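*Asks:* What follows is data16.pdb, PDB, N, CA and C atoms.
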```pdb
MODEL        1
ATOM      1  N   MET A   1       5.373   4.327  47.795
ATOM      2  CA  MET A   1       6.546   4.362  48.675
ATOM      3  C   MET A   1       7.410   5.566  48.280
ATOM      4  N   ALA A   2       7.958   6.243  49.225
ATOM      5  CA  ALA A   2       8.808   7.398  48.934
ATOM      6  C   ALA A   2      10.216   6.942  48.568
ATOM      7  N   ILE A   3      10.910   7.773  47.813
ATOM      8  CA  ILE A   3      12.298   7.487  47.461
ATOM      9  C   ILE A   3      13.136   7.620  48.730
ATOM     10  N   VAL A   4      14.011   6.650  48.944
ATOM     11  CA  VAL A   4      14.837   6.598  50.151
ATOM     12  C   VAL A   4      16.220   7.169  49.845
ATOM     13  N   HIS A   5      16.700   8.052  50.706
ATOM     14  CA  HIS A   5      18.070   8.562  50.579
ATOM     15  C   HIS A   5      18.945   7.711  51.494
ATOM     16  N   SER A   6      19.785   6.904  50.864
ATOM     17  CA  SER A   6      20.564   5.913  51.586
ATOM     18  C   SER A   6      21.987   6.408  51.848
ATOM     19  N   THR A   7      22.615   5.828  52.864
ATOM     20  CA  THR A   7      23.992   6.175  53.229
ATOM     21  C   THR A   7      24.837   4.900  53.281
ATOM     22  N   ASP A   8      26.135   5.061  53.472
ATOM     23  CA  ASP A   8      27.015   3.902  53.650
ATOM     24  C   ASP A   8      26.497   3.011  54.780
ATOM     25  N   GLN A   9      25.971   3.645  55.831
ATOM     26  CA  GLN A   9      25.518   2.898  56.997
ATOM     27  C   GLN A   9      24.198   2.165  56.751
ATOM     28  N   SER A  10      23.312   2.736  55.930
ATOM     29  CA  SER A  10      21.975   2.157  55.772
ATOM     30  C   SER A  10      21.765   1.370  54.482
ATOM     31  N   PHE A  11      22.708   1.423  53.537
ATOM     32  CA  PHE A  11      22.484   0.842  52.209
ATOM     33  C   PHE A  11      22.118  -0.638  52.252
ATOM     34  N   THR A  12      22.845  -1.426  53.011
ATOM     35  CA  THR A  12      22.573  -2.869  53.068
ATOM     36  C   THR A  12      21.150  -3.126  53.563
ATOM     37  N   THR A  13      20.750  -2.437  54.619
ATOM     38  CA  THR A  13      19.394  -2.589  55.154
ATOM     39  C   THR A  13      18.355  -2.089  54.157
ATOM     40  N   ASP A  14      18.652  -0.962  53.477
ATOM     41  CA  ASP A  14      17.706  -0.371  52.529
ATOM     42  C   ASP A  14      17.470  -1.255  51.303
ATOM     43  N   THR A  15      18.427  -2.129  50.988
ATOM     44  CA  THR A  15      18.328  -2.898  49.744
ATOM     45  C   THR A  15      18.230  -4.406  49.949
ATOM     46  N   GLU A  16      18.045  -4.868  51.189
ATOM     47  CA  GLU A  16      18.117  -6.312  51.435
ATOM     48  C   GLU A  16      16.868  -7.094  51.040
ATOM     49  N   LYS A  17      15.721  -6.426  50.886
ATOM     50  CA  LYS A  17      14.480  -7.144  50.577
ATOM     51  C   LYS A  17      13.826  -6.609  49.325
ATOM     52  N   GLY A  18      13.375  -7.520  48.454
ATOM     53  CA  GLY A  18      12.599  -7.141  47.276
ATOM     54  C   GLY A  18      13.435  -6.554  46.156
ATOM     55  N   LEU A  19      12.734  -5.929  45.212
ATOM     56  CA  LEU A  19      13.368  -5.332  44.039
ATOM     57  C   LEU A  19      13.687  -3.871  44.347
ATOM     58  N   VAL A  20      14.952  -3.496  44.142
ATOM     59  CA  VAL A  20      15.418  -2.144  44.463
ATOM     60  C   VAL A  20      16.167  -1.559  43.271
ATOM     61  N   LEU A  21      15.876  -0.302  42.955
ATOM     62  CA  LEU A  21      16.641   0.443  41.962
ATOM     63  C   LEU A  21      17.465   1.461  42.731
ATOM     64  N   ALA A  22      18.780   1.285  42.710
ATOM     65  CA  ALA A  22      19.680   2.196  43.423
ATOM     66  C   ALA A  22      20.283   3.187  42.435
ATOM     67  N   ASP A  23      20.085   4.466  42.699
ATOM     68  CA  ASP A  23      20.585   5.547  41.850
ATOM     69  C   ASP A  23      21.797   6.171  42.529
ATOM     70  N   PHE A  24      22.974   5.971  41.920
ATOM     71  CA  PHE A  24      24.203   6.593  42.433
ATOM     72  C   PHE A  24      24.361   7.911  41.692
ATOM     73  N   TRP A  25      24.362   9.032  42.444
ATOM     74  CA  TRP A  25      24.298  10.370  41.857
ATOM     75  C   TRP A  25      25.115  11.360  42.673
ATOM     76  N   ALA A  26      25.169  12.601  42.198
ATOM     77  CA  ALA A  26      25.785  13.705  42.945
ATOM     78  C   ALA A  26      25.040  14.985  42.587
ATOM     79  N   PRO A  27      24.979  15.944  43.520
ATOM     80  CA  PRO A  27      24.233  17.181  43.285
ATOM     81  C   PRO A  27      24.751  18.009  42.104
ATOM     82  N   TRP A  28      26.037  17.882  41.759
ATOM     83  CA  TRP A  28      26.635  18.685  40.695
ATOM     84  C   TRP A  28      26.509  18.031  39.314
ATOM     85  N   CYS A  29      25.916  16.857  39.240
ATOM     86  CA  CYS A  29      25.880  16.071  38.009
ATOM     87  C   CYS A  29      24.635  16.411  37.182
ATOM     88  N   GLY A  30      24.832  16.954  35.969
ATOM     89  CA  GLY A  30      23.722  17.338  35.090
ATOM     90  C   GLY A  30      22.782  16.189  34.748
ATOM     91  N   PRO A  31      23.303  15.062  34.208
ATOM     92  CA  PRO A  31      22.417  13.938  33.885
ATOM     93  C   PRO A  31      21.693  13.381  35.122
ATOM     94  N   CYS A  32      22.307  13.500  36.302
ATOM     95  CA  CYS A  32      21.650  13.050  37.538
ATOM     96  C   CYS A  32      20.414  13.895  37.815
ATOM     97  N   LYS A  33      20.524  15.210  37.552
ATOM     98  CA  LYS A  33      19.386  16.102  37.742
ATOM     99  C   LYS A  33      18.282  15.778  36.741
ATOM    100  N   MET A  34      18.670  15.371  35.532
ATOM    101  CA  MET A  34      17.691  15.026  34.498
ATOM    102  C   MET A  34      16.923  13.753  34.851
ATOM    103  N   ILE A  35      17.599  12.815  35.500
ATOM    104  CA  ILE A  35      16.949  11.528  35.778
ATOM    105  C   ILE A  35      16.077  11.581  37.040
ATOM    106  N   ALA A  36      16.292  12.572  37.896
ATOM    107  CA  ALA A  36      15.524  12.663  39.148
ATOM    108  C   ALA A  36      14.010  12.657  38.929
ATOM    109  N   PRO A  37      13.464  13.490  37.991
ATOM    110  CA  PRO A  37      12.011  13.442  37.799
ATOM    111  C   PRO A  37      11.524  12.112  37.211
ATOM    112  N   VAL A  38      12.376  11.455  36.437
ATOM    113  CA  VAL A  38      12.036  10.143  35.886
ATOM    114  C   VAL A  38      11.871   9.138  37.032
ATOM    115  N   LEU A  39      12.780   9.205  38.006
ATOM    116  CA  LEU A  39      12.700   8.309  39.162
ATOM    117  C   LEU A  39      11.464   8.612  40.008
ATOM    118  N   GLU A  40      11.107   9.893  40.126
ATOM    119  CA  GLU A  40       9.893  10.270  40.867
ATOM    120  C   GLU A  40       8.659   9.648  40.203
ATOM    121  N   GLU A  41       8.607   9.720  38.856
ATOM    122  CA  GLU A  41       7.484   9.133  38.123
ATOM    123  C   GLU A  41       7.434   7.621  38.326
ATOM    124  N   LEU A  42       8.593   6.976  38.208
ATOM    125  CA  LEU A  42       8.645   5.526  38.402
ATOM    126  C   LEU A  42       8.181   5.161  39.805
ATOM    127  N   ASP A  43       8.602   5.952  40.780
ATOM    128  CA  ASP A  43       8.206   5.673  42.157
ATOM    129  C   ASP A  43       6.694   5.772  42.318
ATOM    130  N   SER A  44       6.077   6.768  41.700
ATOM    131  CA  SER A  44       4.622   6.910  41.840
ATOM    132  C   SER A  44       3.885   5.782  41.114
ATOM    133  N   GLU A  45       4.475   5.261  40.036
ATOM    134  CA  GLU A  45       3.820   4.186  39.277
ATOM    135  C   GLU A  45       4.134   2.790  39.816
ATOM    136  N   LEU A  46       5.379   2.574  40.247
ATOM    137  CA  LEU A  46       5.824   1.230  40.634
ATOM    138  C   LEU A  46       6.171   1.114  42.109
ATOM    139  N   GLY A  47       5.840   2.132  42.889
ATOM    140  CA  GLY A  47       6.232   2.187  44.292
ATOM    141  C   GLY A  47       5.831   0.990  45.133
ATOM    142  N   GLU A  48       4.769   0.302  44.716
ATOM    143  CA  GLU A  48       4.329  -0.879  45.464
ATOM    144  C   GLU A  48       5.243  -2.076  45.224
ATOM    145  N   THR A  49       5.885  -2.124  44.052
ATOM    146  CA  THR A  49       6.677  -3.300  43.684
ATOM    147  C   THR A  49       8.181  -3.042  43.655
ATOM    148  N   VAL A  50       8.581  -1.773  43.525
ATOM    149  CA  VAL A  50      10.007  -1.426  43.420
ATOM    150  C   VAL A  50      10.334  -0.318  44.408
ATOM    151  N   LYS A  51      11.412  -0.505  45.131
ATOM    152  CA  LYS A  51      11.893   0.528  46.061
ATOM    153  C   LYS A  51      13.011   1.287  45.341
ATOM    154  N   ILE A  52      12.949   2.608  45.361
ATOM    155  CA  ILE A  52      13.991   3.421  44.738
ATOM    156  C   ILE A  52      14.845   4.043  45.842
ATOM    157  N   VAL A  53      16.147   3.828  45.717
ATOM    158  CA  VAL A  53      17.109   4.289  46.715
ATOM    159  C   VAL A  53      18.123   5.190  46.018
ATOM    160  N   LYS A  54      18.350   6.383  46.560
ATOM    161  CA  LYS A  54      19.348   7.302  45.999
ATOM    162  C   LYS A  54      20.566   7.341  46.917
ATOM    163  N   VAL A  55      21.747   7.285  46.296
ATOM    164  CA  VAL A  55      23.001   7.323  47.048
ATOM    165  C   VAL A  55      23.863   8.450  46.492
ATOM    166  N   ASP A  56      24.119   9.457  47.321
ATOM    167  CA  ASP A  56      25.000  10.574  46.947
ATOM    168  C   ASP A  56      26.443  10.059  47.029
ATOM    169  N   VAL A  57      27.102   9.959  45.864
ATOM    170  CA  VAL A  57      28.444   9.352  45.833
ATOM    171  C   VAL A  57      29.491  10.207  46.540
ATOM    172  N   ASP A  58      29.275  11.515  46.633
ATOM    173  CA  ASP A  58      30.237  12.374  47.331
ATOM    174  C   ASP A  58      30.236  12.087  48.832
ATOM    175  N   GLU A  59      29.053  11.791  49.371
ATOM    176  CA  GLU A  59      28.930  11.566  50.807
ATOM    177  C   GLU A  59      29.035  10.092  51.196
ATOM    178  N   ASN A  60      28.929   9.193  50.223
ATOM    179  CA  ASN A  60      28.902   7.753  50.507
ATOM    180  C   ASN A  60      29.848   6.997  49.577
ATOM    181  N   GLN A  61      31.130   7.363  49.654
ATOM    182  CA  GLN A  61      32.130   6.807  48.741
ATOM    183  C   GLN A  61      32.372   5.315  48.961
ATOM    184  N   GLU A  62      32.163   4.850  50.170
ATOM    185  CA  GLU A  62      32.387   3.430  50.473
ATOM    186  C   GLU A  62      31.427   2.551  49.668
ATOM    187  N   THR A  63      30.138   2.911  49.684
ATOM    188  CA  THR A  63      29.134   2.134  48.950
ATOM    189  C   THR A  63      29.374   2.240  47.449
ATOM    190  N   ALA A  64      29.667   3.438  46.956
ATOM    191  CA  ALA A  64      29.938   3.625  45.526
ATOM    192  C   ALA A  64      31.128   2.767  45.101
ATOM    193  N   GLY A  65      32.171   2.738  45.922
ATOM    194  CA  GLY A  65      33.353   1.930  45.627
ATOM    195  C   GLY A  65      33.060   0.445  45.635
ATOM    196  N   LYS A  66      32.243   0.010  46.579
ATOM    197  CA  LYS A  66      31.883  -1.405  46.699
ATOM    198  C   LYS A  66      31.218  -1.921  45.424
ATOM    199  N   PHE A  67      30.433  -1.043  44.766
ATOM    200  CA  PHE A  67      29.723  -1.443  43.554
ATOM    201  C   PHE A  67      30.438  -1.005  42.280
ATOM    202  N   GLY A  68      31.662  -0.501  42.415
ATOM    203  CA  GLY A  68      32.463  -0.137  41.247
ATOM    204  C   GLY A  68      31.880   1.011  40.443
ATOM    205  N   VAL A  69      31.235   1.950  41.115
ATOM    206  CA  VAL A  69      30.645   3.087  40.419
ATOM    207  C   VAL A  69      31.756   4.048  40.006
ATOM    208  N   MET A  70      31.950   4.182  38.684
ATOM    209  CA  MET A  70      32.993   5.062  38.150
ATOM    210  C   MET A  70      32.397   6.307  37.493
ATOM    211  N   SER A  71      31.194   6.173  36.935
ATOM    212  CA  SER A  71      30.495   7.271  36.275
ATOM    213  C   SER A  71      29.121   7.410  36.905
ATOM    214  N   ILE A  72      28.599   8.637  36.874
ATOM    215  CA  ILE A  72      27.250   8.823  37.401
ATOM    216  C   ILE A  72      26.407   9.550  36.361
ATOM    217  N   PRO A  73      25.109   9.337  36.341
ATOM    218  CA  PRO A  73      24.400   8.412  37.217
ATOM    219  C   PRO A  73      24.655   6.946  36.843
ATOM    220  N   THR A  74      24.801   6.103  37.861
ATOM    221  CA  THR A  74      24.817   4.656  37.681
ATOM    222  C   THR A  74      23.591   4.126  38.406
ATOM    223  N   LEU A  75      22.826   3.308  37.712
ATOM    224  CA  LEU A  75      21.614   2.720  38.293
ATOM    225  C   LEU A  75      21.831   1.229  38.414
ATOM    226  N   ILE A  76      21.718   0.733  39.637
ATOM    227  CA  ILE A  76      21.931  -0.686  39.903
ATOM    228  C   ILE A  76      20.628  -1.299  40.387
ATOM    229  N   VAL A  77      20.258  -2.425  39.768
ATOM    230  CA  VAL A  77      19.049  -3.140  40.183
ATOM    231  C   VAL A  77      19.482  -4.271  41.106
ATOM    232  N   LEU A  78      18.884  -4.300  42.296
ATOM    233  CA  LEU A  78      19.172  -5.356  43.267
ATOM    234  C   LEU A  78      17.893  -6.123  43.555
ATOM    235  N   LYS A  79      18.032  -7.415  43.723
ATOM    236  CA  LYS A  79      16.893  -8.238  44.116
ATOM    237  C   LYS A  79      17.315  -8.996  45.362
ATOM    238  N   ASP A  80      16.622  -8.736  46.468
ATOM    239  CA  ASP A  80      16.953  -9.322  47.767
ATOM    240  C   ASP A  80      18.433  -9.152  48.102
ATOM    241  N   GLY A  81      18.950  -7.945  47.826
ATOM    242  CA  GLY A  81      20.316  -7.605  48.191
ATOM    243  C   GLY A  81      21.386  -7.993  47.187
ATOM    244  N   GLU A  82      21.026  -8.739  46.134
ATOM    245  CA  GLU A  82      22.002  -9.175  45.127
ATOM    246  C   GLU A  82      21.858  -8.324  43.863
ATOM    247  N   VAL A  83      22.994  -7.906  43.286
ATOM    248  CA  VAL A  83      22.970  -7.122  42.047
ATOM    249  C   VAL A  83      22.523  -8.024  40.894
ATOM    250  N   VAL A  84      21.483  -7.582  40.174
ATOM    251  CA  VAL A  84      21.001  -8.356  39.030
ATOM    252  C   VAL A  84      21.138  -7.588  37.720
ATOM    253  N   ASP A  85      21.367  -6.279  37.790
ATOM    254  CA  ASP A  85      21.527  -5.489  36.567
ATOM    255  C   ASP A  85      22.155  -4.146  36.903
ATOM    256  N   LYS A  86      22.674  -3.478  35.846
ATOM    257  CA  LYS A  86      23.345  -2.194  36.057
ATOM    258  C   LYS A  86      23.345  -1.420  34.743
ATOM    259  N   VAL A  87      23.004  -0.141  34.802
ATOM    260  CA  VAL A  87      23.100   0.730  33.630
ATOM    261  C   VAL A  87      23.779   2.028  34.054
ATOM    262  N   VAL A  88      24.499   2.631  33.109
ATOM    263  CA  VAL A  88      25.219   3.876  33.400
ATOM    264  C   VAL A  88      24.708   4.960  32.461
ATOM    265  N   GLY A  89      24.500   6.147  33.014
ATOM    266  CA  GLY A  89      24.057   7.282  32.221
ATOM    267  C   GLY A  89      22.559   7.468  32.289
ATOM    268  N   PHE A  90      22.113   8.603  31.735
ATOM    269  CA  PHE A  90      20.685   8.909  31.737
ATOM    270  C   PHE A  90      19.915   7.839  30.972
ATOM    271  N   GLN A  91      18.784   7.416  31.544
ATOM    272  CA  GLN A  91      17.906   6.439  30.900
ATOM    273  C   GLN A  91      16.497   7.009  30.856
ATOM    274  N   PRO A  92      15.805   6.878  29.709
ATOM    275  CA  PRO A  92      14.408   7.315  29.689
ATOM    276  C   PRO A  92      13.545   6.390  30.542
ATOM    277  N   LYS A  93      12.390   6.883  30.927
ATOM    278  CA  LYS A  93      11.499   6.127  31.806
ATOM    279  C   LYS A  93      11.161   4.754  31.236
ATOM    280  N   GLU A  94      10.893   4.686  29.937
ATOM    281  CA  GLU A  94      10.517   3.412  29.312
ATOM    282  C   GLU A  94      11.627   2.374  29.478
ATOM    283  N   ALA A  95      12.873   2.807  29.282
ATOM    284  CA  ALA A  95      14.013   1.885  29.404
ATOM    285  C   ALA A  95      14.132   1.369  30.836
ATOM    286  N   LEU A  96      13.932   2.246  31.812
ATOM    287  CA  LEU A  96      14.017   1.828  33.214
ATOM    288  C   LEU A  96      12.853   0.910  33.577
ATOM    289  N   SER A  97      11.670   1.197  33.040
ATOM    290  CA  SER A  97      10.510   0.329  33.294
ATOM    291  C   SER A  97      10.771  -1.075  32.772
ATOM    292  N   GLU A  98      11.335  -1.160  31.554
ATOM    293  CA  GLU A  98      11.645  -2.470  30.956
ATOM    294  C   GLU A  98      12.719  -3.190  31.778
ATOM    295  N   LEU A  99      13.729  -2.445  32.188
ATOM    296  CA  LEU A  99      14.807  -3.017  32.996
ATOM    297  C   LEU A  99      14.253  -3.635  34.277
ATOM    298  N   LEU A 100      13.366  -2.918  34.947
ATOM    299  CA  LEU A 100      12.781  -3.415  36.190
ATOM    300  C   LEU A 100      11.806  -4.554  35.940
ATOM    301  N   ALA A 101      11.047  -4.486  34.851
ATOM    302  CA  ALA A 101      10.050  -5.523  34.542
ATOM    303  C   ALA A 101      10.704  -6.889  34.355
ATOM    304  N   LYS A 102      11.893  -6.905  33.780
ATOM    305  CA  LYS A 102      12.507  -8.215  33.537
ATOM    306  C   LYS A 102      13.032  -8.874  34.817
ATOM    307  N   HIS A 103      13.031  -8.138  35.921
ATOM    308  CA  HIS A 103      13.494  -8.711  37.201
ATOM    309  C   HIS A 103      12.378  -8.835  38.235
ATOM    310  N   SER A 104      11.163  -8.390  37.898
ATOM    311  CA  SER A 104      10.085  -8.453  38.884
ATOM    312  C   SER A 104       9.356  -9.793  38.851
TER     313      SER A 104
ENDMDL
END
```
So that I can check it, write out the structure of this file as structure tokens.

*Replies:*
Amino acid sequence: MAIVHSTDQSFTTDTEKGLVLADFWAPWCGPCKMIAPVLEELDSELGETVKIVKVDVDENQETAGKFGVMSIPTLIVLKDGEVVDKVVGFQPKEALSELLAKHS
């Protein structure tokens, strides 16, 4: 499954079913750029079981505010639309894999 670029308008629909990892980021954010290839790898490995959604906080402030995103990158794990976990800052692939495994 390809990584989905979500907006304020599409976020609820993009995250309502299954296990979703939502990445709140911005183009100017250094750690966000570092985590992008990690998310690409996770998507290629776990794409059948986990949907990865990216939300640009500059363009989608409503969604970022709704989830209390104060620092980026913030990664929120949702299961059937409900928040089940949240981490802030760069995470190595192994840490994200473990985070997702405990909710799958």

*Asks:* So which residues get picked by the PyMOL selection byres ((chain A and resi 21-30) around 8) here, written as an MDAnalysis selection string?

*Replies:* chainID A and resid 15 18:20 31:35 50:59 64 69 71:79 100

*Asks:* Write out as a PyMOL selection string all residues of chain A that backbone DSSP assigns to alpha helix (DSSP H).

*Replies:* chain A and resi 11-15+30-46+61-66+93-101

*Asks:* Counting all atoms listed in the file, give me one row per residue of segment 56-99 of chain A with an atom at most 8 Å from an atom of segment 40-48 of chain A, showing the shortest contact pair and its distance in Å to one decimal, sorted by chain then residue number, as a tab-separated table.

*Replies:*
```
residue	atom	partner	partner_atom	distance
A:Lys93	CA	A:Leu42	N	7.1
A:Leu96	C	A:Leu42	CA	7.9
A:Ser97	CA	A:Leu42	CA	7.5
```

*Asks:* So what do you get for atom CA of Phe11 of chain A versus atom N of Pro37 of chain A, distance-wise?

*Replies:*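 Here the two named atoms are 21.1 Å from each other.
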
*Asks:* Using DSSP on the backbone coordinates, identify the residues of chain A assigned to strand (DSSP E or B); present them as a ChimeraX atom specification.

*Replies:* /A:4-6,19-25,50-56,74-79,82-88

*Asks:* What does the distance between atom CA of Glu94 of chain A and atom CA of Val4 of chain A come to in Å, to one decimal place?

*Replies:*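 Atom-to-atom, atom CA of Glu94 of chain A to atom CA of Val4 of chain A, that is 21.5 Å.
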
*Asks:* Just to confirm, what's the straight-line distance from atom N of Lys66 of chain A to atom CA of Asp85 of chain A in Å (one decimal)?

*Replies:*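 Separation between atom N of Lys66 of chain A and atom CA of Asp85 of chain A: 15.7 Å.
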
*Asks:* Which residues are close to Asp8 of chain A, i.e. within 6.5 Å by all atoms listed in the file, leaving aside same-chain residues fewer than 2 positions away? Reply as a PyMOL selection string.

*Replies:* chain A and resi 6+10-12+59-60+62-63

*Asks:* Can you give me all heavy atoms for segment 25-35 of chain A, written as an mmCIF file, in the coordinates of the input?

*Replies:*
```cif
data_model
loop_
_atom_site.group_PDB
_atom_site.id
_atom_site.type_symbol
_atom_site.label_atom_id
_atom_site.label_comp_id
_atom_site.auth_asym_id
_atom_site.auth_seq_id
_atom_site.Cartn_x
_atom_site.Cartn_y
_atom_site.Cartn_z
ATOM 1 N N TRP A 25 24.362 9.032 42.444
ATOM 2 C CA TRP A 25 24.298 10.370 41.857
ATOM 3 C C TRP A 25 25.115 11.360 42.673
ATOM 4 O O TRP A 25 25.677 11.012 43.711
ATOM 5 C CB TRP A 25 22.832 10.826 41.824
ATOM 6 C CG TRP A 25 22.306 11.110 43.206
ATOM 7 C CD1 TRP A 25 22.008 10.204 44.173
ATOM 8 C CD2 TRP A 25 22.099 12.388 43.789
ATOM 9 N NE1 TRP A 25 21.612 10.833 45.320
ATOM 10 C CE2 TRP A 25 21.651 12.175 45.117
ATOM 11 C CE3 TRP A 25 22.232 13.699 43.317
ATOM 12 C CZ2 TRP A 25 21.345 13.228 45.970
ATOM 13 C CZ3 TRP A 25 21.923 14.732 44.180
ATOM 14 C CH2 TRP A 25 21.483 14.496 45.487
ATOM 15 N N ALA A 26 25.169 12.601 42.198
ATOM 16 C CA ALA A 26 25.785 13.705 42.945
ATOM 17 C C ALA A 26 25.040 14.985 42.587
ATOM 18 O O ALA A 26 24.530 15.114 41.466
ATOM 19 C CB ALA A 26 27.265 13.836 42.604
ATOM 20 N N PRO A 27 24.979 15.944 43.520
ATOM 21 C CA PRO A 27 24.233 17.181 43.285
ATOM 22 C C PRO A 27 24.751 18.009 42.104
ATOM 23 O O PRO A 27 23.989 18.739 41.491
ATOM 24 C CB PRO A 27 24.404 17.964 44.589
ATOM 25 C CG PRO A 27 24.840 16.977 45.606
ATOM 26 C CD PRO A 27 25.538 15.869 44.869
ATOM 27 N N TRP A 28 26.037 17.882 41.759
ATOM 28 C CA TRP A 28 26.635 18.685 40.695
ATOM 29 C C TRP A 28 26.509 18.031 39.314
ATOM 30 O O TRP A 28 26.944 18.598 38.311
ATOM 31 C CB TRP A 28 28.115 18.933 41.006
ATOM 32 C CG TRP A 28 28.843 17.694 41.434
ATOM 33 C CD1 TRP A 28 29.084 17.300 42.723
ATOM 34 C CD2 TRP A 28 29.379 16.658 40.603
ATOM 35 N NE1 TRP A 28 29.734 16.086 42.735
ATOM 36 C CE2 TRP A 28 29.936 15.669 41.447
ATOM 37 C CE3 TRP A 28 29.447 16.467 39.226
ATOM 38 C CZ2 TRP A 28 30.542 14.521 40.968
ATOM 39 C CZ3 TRP A 28 30.056 15.315 38.736
ATOM 40 C CH2 TRP A 28 30.596 14.359 39.617
ATOM 41 N N CYS A 29 25.916 16.857 39.240
ATOM 42 C CA CYS A 29 25.880 16.071 38.009
ATOM 43 C C CYS A 29 24.635 16.411 37.182
ATOM 44 O O CYS A 29 23.506 16.180 37.634
ATOM 45 C CB CYS A 29 25.892 14.588 38.400
ATOM 46 S SG CYS A 29 25.379 13.443 37.118
ATOM 47 N N GLY A 30 24.832 16.954 35.969
ATOM 48 C CA GLY A 30 23.722 17.338 35.090
ATOM 49 C C GLY A 30 22.782 16.189 34.748
ATOM 50 O O GLY A 30 21.567 16.293 34.946
ATOM 51 N N PRO A 31 23.303 15.062 34.208
ATOM 52 C CA PRO A 31 22.417 13.938 33.885
ATOM 53 C C PRO A 31 21.693 13.381 35.122
ATOM 54 O O PRO A 31 20.578 12.869 35.007
ATOM 55 C CB PRO A 31 23.362 12.894 33.292
ATOM 56 C CG PRO A 31 24.522 13.690 32.767
ATOM 57 C CD PRO A 31 24.666 14.849 33.718
ATOM 58 N N CYS A 32 22.307 13.500 36.302
ATOM 59 C CA CYS A 32 21.650 13.050 37.538
ATOM 60 C C CYS A 32 20.414 13.895 37.815
ATOM 61 O O CYS A 32 19.380 13.377 38.243
ATOM 62 C CB CYS A 32 22.605 13.141 38.723
ATOM 63 S SG CYS A 32 24.095 12.144 38.564
ATOM 64 N N LYS A 33 20.524 15.210 37.552
ATOM 65 C CA LYS A 33 19.386 16.102 37.742
ATOM 66 C C LYS A 33 18.282 15.778 36.741
ATOM 67 O O LYS A 33 17.100 15.887 37.045
ATOM 68 C CB LYS A 33 19.818 17.562 37.600
ATOM 69 C CG LYS A 33 20.698 18.042 38.733
ATOM 70 C CD LYS A 33 21.149 19.461 38.506
ATOM 71 C CE LYS A 33 22.173 19.878 39.551
ATOM 72 N NZ LYS A 33 22.866 21.102 39.207
ATOM 73 N N MET A 34 18.670 15.371 35.532
ATOM 74 C CA MET A 34 17.691 15.026 34.498
ATOM 75 C C MET A 34 16.923 13.753 34.851
ATOM 76 O O MET A 34 15.751 13.620 34.518
ATOM 77 C CB MET A 34 18.390 14.832 33.146
ATOM 78 C CG MET A 34 18.912 16.104 32.526
ATOM 79 S SD MET A 34 20.014 15.819 31.111
ATOM 80 C CE MET A 34 19.124 14.622 30.140
ATOM 81 N N ILE A 35 17.599 12.815 35.500
ATOM 82 C CA ILE A 35 16.949 11.528 35.778
ATOM 83 C C ILE A 35 16.077 11.581 37.040
ATOM 84 O O ILE A 35 15.181 10.755 37.207
ATOM 85 C CB ILE A 35 18.008 10.396 35.859
ATOM 86 C CG1 ILE A 35 17.362 9.061 35.461
ATOM 87 C CG2 ILE A 35 18.637 10.301 37.234
ATOM 88 C CD1 ILE A 35 18.367 7.969 35.179
#
```
